[in-house]
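Shown next: input_4.pdb, containing PDB, C-alpha atoms, pLDDT in the B column.
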ATOM      1  CA  MET A 275      50.585 -92.137  52.057  1.00 51.00           C
ATOM      2  CA  THR A 276      51.874 -93.306  55.439  1.00 51.00           C
ATOM      3  CA  ASN A 277      55.331 -94.023  54.009  1.00 52.00           C
ATOM      4  CA  ILE A 278      55.614 -90.497  52.710  1.00 52.00           C
ATOM      5  CA  LYS A 279      54.420 -89.006  55.991  1.00 50.00           C
ATOM      6  CA  SER A 280      56.755 -91.135  58.094  1.00 47.00           C
ATOM      7  CA  ALA A 281      59.681 -90.253  55.805  1.00 49.00           C
ATOM      8  CA  LYS A 282      58.970 -86.540  56.326  1.00 51.00           C
ATOM      9  CA  THR A 283      58.590 -86.819  60.092  1.00 51.00           C
ATOM     10  CA  GLY A 284      61.703 -88.943  60.485  1.00 50.00           C
ATOM     11  CA  ASN A 285      59.844 -91.991  61.847  1.00 50.00           C
ATOM     12  CA  LYS A 286      62.251 -94.959  61.837  1.00 52.00           C
ATOM     13  CA  ALA A 287      59.499 -97.267  60.610  1.00 50.00           C
ATOM     14  CA  SER A 288      60.158 -96.179  57.034  1.00 47.00           C
ATOM     15  CA  PRO A 289      63.030 -97.881  55.180  1.00 50.00           C
ATOM     16  CA  GLN A 290      63.602 -94.640  53.242  1.00 51.00           C
ATOM     17  CA  THR A 291      64.226 -92.702  56.433  1.00 48.00           C
ATOM     18  CA  ASN A 292      66.688 -95.234  57.832  1.00 48.00           C
ATOM     19  CA  ARG A 293      68.697 -95.282  54.621  1.00 49.00           C
ATOM     20  CA  SER A 294      68.742 -91.527  54.225  1.00 47.00           C
ATOM     21  CA  GLN A 295      69.656 -90.835  57.868  1.00 48.00           C
ATOM     22  CA  LYS A 296      72.480 -93.376  57.938  1.00 49.00           C
ATOM     23  CA  SER A 297      73.921 -92.699  54.514  1.00 47.00           C
ATOM     24  CA  ARG A 298      73.477 -88.943  54.276  1.00 48.00           C
ATOM     25  CA  PRO A 299      76.917 -88.091  55.753  1.00 49.00           C
ATOM     26  CA  GLN A 300      78.522 -90.717  53.549  1.00 50.00           C
ATOM     27  CA  ASN A 301      76.713 -89.419  50.497  1.00 52.00           C
ATOM     28  CA  ASN A 302      77.724 -85.850  51.310  1.00 53.00           C
ATOM     29  CA  HIS A 303      81.310 -86.984  51.853  1.00 55.00           C
ATOM     30  CA  THR A 304      81.261 -88.982  48.633  1.00 53.00           C
ATOM     31  CA  GLN A 305      79.646 -86.111  46.795  1.00 55.00           C
ATOM     32  CA  ASN A 306      82.240 -83.664  48.169  1.00 54.00           C
ATOM     33  CA  ARG A 307      85.007 -86.020  47.106  1.00 57.00           C
ATOM     34  CA  ARG A 308      83.533 -86.208  43.597  1.00 55.00           C
ATOM     35  CA  VAL A 309      83.344 -82.421  43.387  1.00 50.00           C
ATOM     36  CA  GLN A 310      86.957 -82.141  44.588  1.00 56.00           C
ATOM     37  CA  ASN A 311      88.064 -84.750  42.062  1.00 54.00           C
ATOM     38  CA  ARG A 312      86.328 -82.856  39.257  1.00 51.00           C
ATOM     39  CA  ARG A 313      87.940 -79.605  40.403  1.00 50.00           C
ATOM     40  CA  SER A 314      91.377 -81.182  40.593  1.00 51.00           C
ATOM     41  CA  GLN A 315      90.922 -82.762  37.170  1.00 49.00           C
ATOM     42  CA  LYS A 316      89.960 -79.356  35.774  1.00 46.00           C
ATOM     43  CA  SER A 317      92.878 -77.638  37.499  1.00 49.00           C
ATOM     44  CA  ASN A 318      95.265 -80.355  36.323  1.00 48.00           C
ATOM     45  CA  ALA A 319      93.977 -79.958  32.794  1.00 42.00           C
ATOM     46  CA  THR A 320      94.302 -76.199  33.059  1.00 45.00           C
ATOM     47  CA  ALA A 321      97.739 -76.456  34.621  1.00 44.00           C
ATOM     48  CA  SER A 322      99.018 -78.843  31.987  1.00 42.00           C
ATOM     49  CA  GLY A 323      97.520 -76.750  29.218  1.00 45.00           C
ATOM     50  CA  SER A 324      98.910 -73.506  30.583  1.00 54.00           C
ATOM     51  CA  SER A 325     102.313 -74.986  31.398  1.00 63.00           C
ATOM     52  CA  LEU A 326     102.975 -76.157  27.856  1.00 82.00           C
ATOM     53  CA  MET A 327     103.679 -72.688  26.463  1.00 83.00           C
ATOM     54  CA  PRO A 328     106.231 -71.576  29.093  1.00 81.00           C
ATOM     55  CA  LEU A 329     108.038 -74.898  28.880  1.00 84.00           C
ATOM     56  CA  LEU A 330     108.111 -74.603  25.120  1.00 89.00           C
ATOM     57  CA  LEU A 331     109.558 -71.107  25.524  1.00 88.00           C
ATOM     58  CA  VAL A 332     112.315 -72.491  27.777  1.00 89.00           C
ATOM     59  CA  VAL A 333     113.207 -75.258  25.328  1.00 90.00           C
ATOM     60  CA  ILE A 334     113.254 -72.898  22.342  1.00 93.00           C
ATOM     61  CA  PHE A 335     115.344 -70.314  24.188  1.00 92.00           C
ATOM     62  CA  LEU A 336     117.933 -72.804  25.452  1.00 90.00           C
ATOM     63  CA  ALA A 337     118.117 -74.540  22.063  1.00 92.00           C
ATOM     64  CA  GLY A 338     118.607 -71.131  20.420  1.00 91.00           C
ATOM     65  CA  LEU A 339     121.404 -70.281  22.845  1.00 91.00           C
ATOM     66  CA  ILE A 340     123.175 -73.563  22.242  1.00 90.00           C
ATOM     67  CA  GLY A 341     122.703 -73.194  18.479  1.00 91.00           C
ATOM     68  CA  ALA A 342     124.036 -69.629  18.541  1.00 87.00           C
ATOM     69  CA  ALA A 343     127.063 -70.779  20.523  1.00 87.00           C
ATOM     70  CA  GLN A 344     127.730 -73.593  18.032  1.00 90.00           C
ATOM     71  CA  GLN A 345     127.507 -71.116  15.139  1.00 88.00           C
ATOM     72  CA  HIS A 346     129.965 -68.803  16.960  1.00 84.00           C
ATOM     73  CA  MET A 347     127.352 -66.055  17.145  1.00 82.00           C
ATOM     74  CA  LEU A 348     127.555 -66.130  20.917  1.00 85.00           C
ATOM     75  CA  PRO A 349     130.345 -67.183  23.282  1.00 86.00           C
ATOM     76  CA  VAL A 350     129.898 -70.763  24.484  1.00 87.00           C
ATOM     77  CA  GLY A 351     130.287 -69.517  28.053  1.00 87.00           C
ATOM     78  CA  ILE A 352     127.026 -67.567  27.800  1.00 89.00           C
ATOM     79  CA  ALA A 353     125.077 -70.745  27.036  1.00 89.00           C
ATOM     80  CA  GLY A 354     126.929 -72.449  29.897  1.00 90.00           C
ATOM     81  CA  ILE A 355     126.065 -69.621  32.277  1.00 92.00           C
ATOM     82  CA  TYR A 356     122.367 -69.815  31.368  1.00 94.00           C
ATOM     83  CA  LEU A 357     122.307 -73.594  31.771  1.00 93.00           C
ATOM     84  CA  THR A 358     124.174 -73.474  35.102  1.00 95.00           C
ATOM     85  CA  LEU A 359     122.069 -70.637  36.515  1.00 97.00           C
ATOM     86  CA  SER A 360     118.888 -72.354  35.329  1.00 96.00           C
ATOM     87  CA  LEU A 361     119.858 -75.520  37.170  1.00 96.00           C
ATOM     88  CA  LEU A 362     120.769 -73.572  40.328  1.00 97.00           C
ATOM     89  CA  THR A 363     117.529 -71.596  40.142  1.00 96.00           C
ATOM     90  CA  PHE A 364     115.475 -74.760  39.701  1.00 95.00           C
ATOM     91  CA  ILE A 365     117.181 -76.222  42.782  1.00 95.00           C
ATOM     92  CA  ALA A 366     116.488 -73.011  44.738  1.00 94.00           C
ATOM     93  CA  TYR A 367     112.793 -73.254  43.832  1.00 93.00           C
ATOM     94  CA  ALA A 368     112.719 -76.935  44.844  1.00 93.00           C
ATOM     95  CA  ILE A 369     114.347 -76.149  48.197  1.00 93.00           C
ATOM     96  CA  ASP A 370     111.892 -73.294  48.776  1.00 91.00           C
ATOM     97  CA  LYS A 371     108.941 -75.522  47.871  1.00 91.00           C
ATOM     98  CA  SER A 372     110.163 -78.153  50.333  1.00 90.00           C
ATOM     99  CA  ALA A 373     110.619 -75.510  53.042  1.00 89.00           C
ATOM    100  CA  ALA A 374     107.128 -74.160  52.357  1.00 86.00           C
ATOM    101  CA  LYS A 375     105.624 -77.617  52.826  1.00 88.00           C
ATOM    102  CA  GLY A 376     107.615 -78.257  55.995  1.00 87.00           C
ATOM    103  CA  GLY A 377     107.084 -74.837  57.547  1.00 86.00           C
ATOM    104  CA  LYS A 378     110.831 -74.166  57.554  1.00 90.00           C
ATOM    105  CA  TRP A 379     112.956 -71.129  56.689  1.00 89.00           C
ATOM    106  CA  ARG A 380     112.090 -69.922  53.186  1.00 87.00           C
ATOM    107  CA  THR A 381     114.209 -68.495  50.385  1.00 85.00           C
ATOM    108  CA  LYS A 382     113.643 -64.774  49.922  1.00 91.00           C
ATOM    109  CA  GLU A 383     111.653 -63.821  46.858  1.00 88.00           C
ATOM    110  CA  SER A 384     114.334 -61.248  46.045  1.00 90.00           C
ATOM    111  CA  THR A 385     116.903 -64.074  45.866  1.00 92.00           C
ATOM    112  CA  LEU A 386     114.728 -66.016  43.431  1.00 92.00           C
ATOM    113  CA  HIS A 387     114.255 -62.867  41.342  1.00 92.00           C
ATOM    114  CA  LEU A 388     117.989 -62.126  41.346  1.00 95.00           C
ATOM    115  CA  LEU A 389     118.750 -65.640  40.119  1.00 95.00           C
ATOM    116  CA  ALA A 390     116.173 -65.209  37.355  1.00 95.00           C
ATOM    117  CA  LEU A 391     117.559 -61.800  36.413  1.00 95.00           C
ATOM    118  CA  MET A 392     121.117 -63.110  36.159  1.00 95.00           C
ATOM    119  CA  GLY A 393     120.022 -65.747  33.644  1.00 94.00           C
ATOM    120  CA  GLY A 394     118.321 -68.463  35.642  1.00 95.00           C
ATOM    121  CA  TRP A 395     114.832 -67.568  34.429  1.00 95.00           C
ATOM    122  CA  PRO A 396     114.510 -70.676  32.217  1.00 95.00           C
ATOM    123  CA  GLY A 397     115.048 -72.858  35.305  1.00 94.00           C
ATOM    124  CA  ALA A 398     112.681 -70.676  37.313  1.00 93.00           C
ATOM    125  CA  LEU A 399     109.972 -70.934  34.683  1.00 92.00           C
ATOM    126  CA  PHE A 400     110.467 -74.674  34.460  1.00 90.00           C
ATOM    127  CA  ALA A 401     110.277 -74.971  38.279  1.00 91.00           C
ATOM    128  CA  GLN A 402     107.151 -72.816  38.491  1.00 89.00           C
ATOM    129  CA  ASN A 403     105.369 -75.101  36.080  1.00 87.00           C
ATOM    130  CA  LEU A 404     106.795 -78.474  37.084  1.00 86.00           C
ATOM    131  CA  LEU A 405     106.777 -77.947  40.857  1.00 86.00           C
ATOM    132  CA  ARG A 406     103.711 -75.641  40.843  1.00 80.00           C
ATOM    133  CA  HIS A 407     105.626 -73.250  43.068  1.00 79.00           C
ATOM    134  CA  LYS A 408     105.417 -69.457  42.950  1.00 81.00           C
ATOM    135  CA  SER A 409     103.019 -69.812  40.049  1.00 73.00           C
ATOM    136  CA  VAL A 410      99.911 -68.212  41.540  1.00 75.00           C
ATOM    137  CA  LYS A 411     100.981 -65.080  43.410  1.00 84.00           C
ATOM    138  CA  ALA A 412     100.428 -62.275  40.901  1.00 87.00           C
ATOM    139  CA  SER A 413     102.928 -59.820  42.375  1.00 89.00           C
ATOM    140  CA  PHE A 414     105.684 -62.431  42.247  1.00 90.00           C
ATOM    141  CA  ARG A 415     104.806 -63.426  38.687  1.00 92.00           C
ATOM    142  CA  ASN A 416     104.794 -59.788  37.530  1.00 92.00           C
ATOM    143  CA  VAL A 417     108.257 -59.133  38.932  1.00 94.00           C
ATOM    144  CA  PHE A 418     109.446 -62.470  37.535  1.00 94.00           C
ATOM    145  CA  TRP A 419     108.334 -61.573  33.999  1.00 94.00           C
ATOM    146  CA  LEU A 420     109.985 -58.183  34.387  1.00 96.00           C
ATOM    147  CA  THR A 421     113.267 -59.950  35.220  1.00 96.00           C
ATOM    148  CA  VAL A 422     112.863 -62.096  32.107  1.00 95.00           C
ATOM    149  CA  VAL A 423     112.323 -59.052  29.889  1.00 95.00           C
ATOM    150  CA  VAL A 424     115.275 -57.196  31.418  1.00 96.00           C
ATOM    151  CA  ASN A 425     117.531 -60.242  31.083  1.00 95.00           C
ATOM    152  CA  LEU A 426     116.595 -60.761  27.444  1.00 94.00           C
ATOM    153  CA  ALA A 427     117.045 -57.042  26.719  1.00 94.00           C
ATOM    154  CA  VAL A 428     120.542 -57.095  28.220  1.00 92.00           C
ATOM    155  CA  LEU A 429     121.377 -60.274  26.301  1.00 90.00           C
ATOM    156  CA  GLY A 430     120.088 -58.781  23.071  1.00 89.00           C
ATOM    157  CA  TYR A 431     122.019 -55.562  23.668  1.00 90.00           C
ATOM    158  CA  GLY A 432     125.174 -57.541  24.422  1.00 87.00           C
ATOM    159  CA  ILE A 433     124.841 -59.593  21.259  1.00 83.00           C
ATOM    160  CA  GLN A 434     124.012 -56.560  19.110  1.00 86.00           C
ATOM    161  CA  THR A 435     126.912 -54.440  20.323  1.00 87.00           C
ATOM    162  CA  GLY A 436     129.430 -57.253  20.746  1.00 79.00           C
ATOM    163  CA  ALA A 437     129.675 -56.535  24.471  1.00 80.00           C
ATOM    164  CA  MET A 438     129.106 -60.233  25.266  1.00 75.00           C
ATOM    165  CA  ASP A 439     132.567 -60.973  23.926  1.00 71.00           C
ATOM    166  CA  LEU A 440     134.025 -58.817  26.705  1.00 73.00           C
ATOM    167  CA  PHE A 441     132.466 -60.906  29.478  1.00 62.00           C
ATOM    168  CA  ILE A 442     133.680 -64.296  28.307  1.00 59.00           C
TER
END

Rewrite the structure of this file - the entire thing - as structure tokens.
Amino acid sequence: MTNIKSAKTGNKASPQTNRSQKSRPQNNHTQNRRVQNRRSQKSNATASGSSLMPLLLVVIFLAGLIGAAQQHMLPVGIAGIYLTLSLLTFIAYAIDKSAAKGGKWRTKESTLHLLALMGGWPGALFAQNLLRHKSVKASFRNVFWLTVVVNLAVLGYGIQTGAMDLFI
């Protein structure tokens, strides 16, 4: 009974009190670290699970473009433009991510959207998922997906009407 009472009063005579007083901050720190690790494991699992579909979309789209160009359904230059703009857009996202980490001058969101609209959206989507940049802000993502839809609509219209042949 005295051990229990001394543990409650904080008397240093009890071995339980000494251990709990000395190790409590460490246990809390360790416990916080475990919680953070579990959260990061969950977010990594969620991120990898959610990033598979957009990356698959990018691969299918670019493979379709290259295939259409090889079958002479689409000018080869169109596939080249998409690949070049995708690479440039990916680099723009990487530079912006680096600037964000370093607190330096950032790339305007309108510039990133313009690159995506012109045909760099596969690179943008790849960068958002690989670099985890511009992937959370809902307003940015909404405008981004609008640029994708508009770009694909213009591409589809150009293919349907033969207008793509005029540009290349």

Exercise. May I ask which of the residues A:Leu326, A:Ala368, A:Ala342, A:Leu388 is the closest one to His407 of chain A, counting all atoms listed in the file?
Key: A:Ala368

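Using only C-alpha atoms, the shortest contact distance between Leu359 of chain A and any of A:Gly430, A:Pro396, A:Pro328, A:Gly436 is found at A:Pro396.
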
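Distances from A:Leu405, A:Met327, A:Ile355, A:Leu389 to Leu339 of chain A were compared using only C-alpha atoms, and the smallest one belongs to A:Ile355.
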
Quiz item: Looking at all atoms listed in the file, which of A:Ile369, A:Ile433, A:Leu420, A:Leu357 is the one that sits closest to Phe335 of chain A?
Solution: A:Leu357

Quiz item: With all atoms listed in the file as the atoms that count, which of A:Ala437, A:Val410, A:Met392, A:Leu330 lies nearest to Val424 of chain A?
Solution: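 Of all the options, A:Met392 lies closest to Val424 of chain A.
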
Could you give me, as a tab-separated table (two decimals) with C-alpha atoms, keeping the file's coordinate frame, the residues that sit within 9 Å of (110.1, -57.6, 44.1) in the file's coordinates, counting only C-alpha atoms?
chain	number	residue	atom	x	y	z
A	383	GLU	CA	111.65	-63.82	46.86
A	384	SER	CA	114.33	-61.25	46.04
A	387	HIS	CA	114.26	-62.87	41.34
A	413	SER	CA	102.93	-59.82	42.38
A	414	PHE	CA	105.68	-62.43	42.25
A	416	ASN	CA	104.79	-59.79	37.53
A	417	VAL	CA	108.26	-59.13	38.93
A	418	PHE	CA	109.45	-62.47	37.53

Quiz item: What is the distance, in Å and to one decimal place, between atom CA of Gly354 of chain A and atom CA of Gln402 of chain A?
Solution: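 A separation of 21.6 Å between them.
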
Practice problem: Pick out the closest residue to Val428 of chain A from this set: A:Val350, A:Leu391, A:Leu329, A:Ile340. Count all atoms listed in the file. | Solution: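 Of A:Val350, A:Leu391, A:Leu329, A:Ile340, the one nearest Val428 of chain A is A:Leu391, counting all atoms listed in the file.
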
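Atom CA of Gly377 of chain A is found 29.0 Å from atom CA of Val422 of chain A.
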
Exercise. Give me, please, the distance in Å between atom CA of Tyr431 of chain A and atom CA of Gln344 of chain A, quoted to one decimal.
Key: 19.7 Å

As lines of an AutoDock Vina configuration file: centre and edge lengths in Å, one decimal, of the axis-aligned box holding segment 431-434 of chain A with 6 Å per side:
center_x = 123.6
center_y = -57.6
center_z = 21.8
size_x = 15.2
size_y = 16.0
size_z = 17.3

Nearby residues, (115.7, -77.0, 38.4) file frame, 12 Å, all atoms listed in the file, as a CSV table (one decimal) with C-alpha atoms, in the frame of the given file:
chain,number,residue,atom,x,y,z
A,357,LEU,CA,122.3,-73.6,31.8
A,358,THR,CA,124.2,-73.5,35.1
A,359,LEU,CA,122.1,-70.6,36.5
A,360,SER,CA,118.9,-72.4,35.3
A,361,LEU,CA,119.9,-75.5,37.2
A,362,LEU,CA,120.8,-73.6,40.3
A,363,THR,CA,117.5,-71.6,40.1
A,364,PHE,CA,115.5,-74.8,39.7
A,365,ILE,CA,117.2,-76.2,42.8
A,366,ALA,CA,116.5,-73.0,44.7
A,367,TYR,CA,112.8,-73.3,43.8
A,368,ALA,CA,112.7,-76.9,44.8
A,369,ILE,CA,114.3,-76.1,48.2
A,370,ASP,CA,111.9,-73.3,48.8
A,371,LYS,CA,108.9,-75.5,47.9
A,389,LEU,CA,118.8,-65.6,40.1
A,390,ALA,CA,116.2,-65.2,37.4
A,394,GLY,CA,118.3,-68.5,35.6
A,395,TRP,CA,114.8,-67.6,34.4
A,396,PRO,CA,114.5,-70.7,32.2
A,397,GLY,CA,115.0,-72.9,35.3
A,398,ALA,CA,112.7,-70.7,37.3
A,399,LEU,CA,110.0,-70.9,34.7
A,400,PHE,CA,110.5,-74.7,34.5
A,401,ALA,CA,110.3,-75.0,38.3
A,402,GLN,CA,107.2,-72.8,38.5
A,403,ASN,CA,105.4,-75.1,36.1
A,404,LEU,CA,106.8,-78.5,37.1
A,405,LEU,CA,106.8,-77.9,40.9
A,407,HIS,CA,105.6,-73.2,43.1

Save N, CA, C and O atoms of segment 331-352 of chain A from the block above as a PDB file, in the first residue's frame.
ATOM      1  N   LEU A 331      -2.481   6.934 -66.482  1.00  0.00           N
ATOM      2  CA  LEU A 331      -3.110   7.796 -67.481  1.00  0.00           C
ATOM      3  C   LEU A 331      -2.054   8.458 -68.365  1.00  0.00           C
ATOM      4  O   LEU A 331      -2.199   8.503 -69.591  1.00  0.00           O
ATOM      5  N   VAL A 332      -0.982   8.949 -67.762  1.00  0.00           N
ATOM      6  CA  VAL A 332       0.101   9.590 -68.514  1.00  0.00           C
ATOM      7  C   VAL A 332       0.741   8.600 -69.475  1.00  0.00           C
ATOM      8  O   VAL A 332       0.940   8.901 -70.664  1.00  0.00           O
ATOM      9  N   VAL A 333       1.048   7.418 -68.995  1.00  0.00           N
ATOM     10  CA  VAL A 333       1.697   6.404 -69.835  1.00  0.00           C
ATOM     11  C   VAL A 333       0.788   6.000 -70.994  1.00  0.00           C
ATOM     12  O   VAL A 333       1.230   5.919 -72.148  1.00  0.00           O
ATOM     13  N   ILE A 334      -0.481   5.773 -70.707  1.00  0.00           N
ATOM     14  CA  ILE A 334      -1.423   5.380 -71.760  1.00  0.00           C
ATOM     15  C   ILE A 334      -1.574   6.501 -72.790  1.00  0.00           C
ATOM     16  O   ILE A 334      -1.569   6.255 -73.992  1.00  0.00           O
ATOM     17  N   PHE A 335      -1.702   7.732 -72.329  1.00  0.00           N
ATOM     18  CA  PHE A 335      -1.866   8.852 -73.245  1.00  0.00           C
ATOM     19  C   PHE A 335      -0.645   9.002 -74.149  1.00  0.00           C
ATOM     20  O   PHE A 335      -0.780   9.121 -75.379  1.00  0.00           O
ATOM     21  N   LEU A 336       0.553   9.029 -73.556  1.00  0.00           N
ATOM     22  CA  LEU A 336       1.758   9.214 -74.359  1.00  0.00           C
ATOM     23  C   LEU A 336       1.990   8.033 -75.300  1.00  0.00           C
ATOM     24  O   LEU A 336       2.385   8.226 -76.460  1.00  0.00           O
ATOM     25  N   ALA A 337       1.705   6.826 -74.844  1.00  0.00           N
ATOM     26  CA  ALA A 337       1.835   5.657 -75.727  1.00  0.00           C
ATOM     27  C   ALA A 337       0.831   5.743 -76.876  1.00  0.00           C
ATOM     28  O   ALA A 337       1.158   5.419 -78.024  1.00  0.00           O
ATOM     29  N   GLY A 338      -0.379   6.211 -76.581  1.00  0.00           N
ATOM     30  CA  GLY A 338      -1.390   6.391 -77.630  1.00  0.00           C
ATOM     31  C   GLY A 338      -0.971   7.436 -78.643  1.00  0.00           C
ATOM     32  O   GLY A 338      -1.174   7.263 -79.851  1.00  0.00           O
ATOM     33  N   LEU A 339      -0.382   8.526 -78.175  1.00  0.00           N
ATOM     34  CA  LEU A 339       0.106   9.563 -79.088  1.00  0.00           C
ATOM     35  C   LEU A 339       1.200   9.027 -80.001  1.00  0.00           C
ATOM     36  O   LEU A 339       1.174   9.255 -81.219  1.00  0.00           O
ATOM     37  N   ILE A 340       2.144   8.343 -79.408  1.00  0.00           N
ATOM     38  CA  ILE A 340       3.251   7.791 -80.200  1.00  0.00           C
ATOM     39  C   ILE A 340       2.724   6.750 -81.184  1.00  0.00           C
ATOM     40  O   ILE A 340       3.117   6.729 -82.357  1.00  0.00           O
ATOM     41  N   GLY A 341       1.802   5.912 -80.731  1.00  0.00           N
ATOM     42  CA  GLY A 341       1.198   4.912 -81.620  1.00  0.00           C
ATOM     43  C   GLY A 341       0.416   5.558 -82.761  1.00  0.00           C
ATOM     44  O   GLY A 341       0.507   5.134 -83.908  1.00  0.00           O
ATOM     45  N   ALA A 342      -0.331   6.606 -82.446  1.00  0.00           N
ATOM     46  CA  ALA A 342      -1.093   7.310 -83.488  1.00  0.00           C
ATOM     47  C   ALA A 342      -0.158   7.967 -84.491  1.00  0.00           C
ATOM     48  O   ALA A 342      -0.438   7.993 -85.699  1.00  0.00           O
ATOM     49  N   ALA A 343       0.955   8.489 -84.027  1.00  0.00           N
ATOM     50  CA  ALA A 343       1.930   9.100 -84.929  1.00  0.00           C
ATOM     51  C   ALA A 343       2.574   8.042 -85.822  1.00  0.00           C
ATOM     52  O   ALA A 343       2.782   8.275 -87.019  1.00  0.00           O
ATOM     53  N   GLN A 344       2.861   6.870 -85.270  1.00  0.00           N
ATOM     54  CA  GLN A 344       3.452   5.789 -86.067  1.00  0.00           C
ATOM     55  C   GLN A 344       2.468   5.251 -87.108  1.00  0.00           C
ATOM     56  O   GLN A 344       2.880   4.818 -88.178  1.00  0.00           O
ATOM     57  N   GLN A 345       1.188   5.300 -86.807  1.00  0.00           N
ATOM     58  CA  GLN A 345       0.163   4.825 -87.742  1.00  0.00           C
ATOM     59  C   GLN A 345      -0.289   5.931 -88.701  1.00  0.00           C
ATOM     60  O   GLN A 345      -1.233   5.742 -89.448  1.00  0.00           O
ATOM     61  N   HIS A 346       0.384   7.082 -88.638  1.00  0.00           N
ATOM     62  CA  HIS A 346       0.084   8.235 -89.497  1.00  0.00           C
ATOM     63  C   HIS A 346      -1.332   8.770 -89.281  1.00  0.00           C
ATOM     64  O   HIS A 346      -1.917   9.348 -90.185  1.00  0.00           O
ATOM     65  N   MET A 347      -1.854   8.579 -88.096  1.00  0.00           N
ATOM     66  CA  MET A 347      -3.158   9.142 -87.742  1.00  0.00           C
ATOM     67  C   MET A 347      -2.983  10.546 -87.162  1.00  0.00           C
ATOM     68  O   MET A 347      -3.950  11.289 -87.037  1.00  0.00           O
ATOM     69  N   LEU A 348      -1.773  10.860 -86.821  1.00  0.00           N
ATOM     70  CA  LEU A 348      -1.452  12.112 -86.149  1.00  0.00           C
ATOM     71  C   LEU A 348      -0.051  12.516 -86.598  1.00  0.00           C
ATOM     72  O   LEU A 348       0.827  11.652 -86.720  1.00  0.00           O
ATOM     73  N   PRO A 349       0.194  13.770 -86.863  1.00  0.00           N
ATOM     74  CA  PRO A 349       1.551  14.187 -87.228  1.00  0.00           C
ATOM     75  C   PRO A 349       2.546  13.851 -86.110  1.00  0.00           C
ATOM     76  O   PRO A 349       2.239  14.002 -84.926  1.00  0.00           O
ATOM     77  N   VAL A 350       3.720  13.401 -86.501  1.00  0.00           N
ATOM     78  CA  VAL A 350       4.750  13.025 -85.530  1.00  0.00           C
ATOM     79  C   VAL A 350       5.111  14.217 -84.653  1.00  0.00           C
ATOM     80  O   VAL A 350       5.420  14.060 -83.466  1.00  0.00           O
ATOM     81  N   GLY A 351       5.045  15.411 -85.225  1.00  0.00           N
ATOM     82  CA  GLY A 351       5.383  16.619 -84.470  1.00  0.00           C
ATOM     83  C   GLY A 351       4.501  16.837 -83.256  1.00  0.00           C
ATOM     84  O   GLY A 351       4.940  17.388 -82.249  1.00  0.00           O
ATOM     85  N   ILE A 352       3.249  16.398 -83.337  1.00  0.00           N
ATOM     86  CA  ILE A 352       2.332  16.558 -82.193  1.00  0.00           C
ATOM     87  C   ILE A 352       2.835  15.734 -81.010  1.00  0.00           C
ATOM     88  O   ILE A 352       2.883  16.212 -79.875  1.00  0.00           O
TER      89      ILE A 352
END
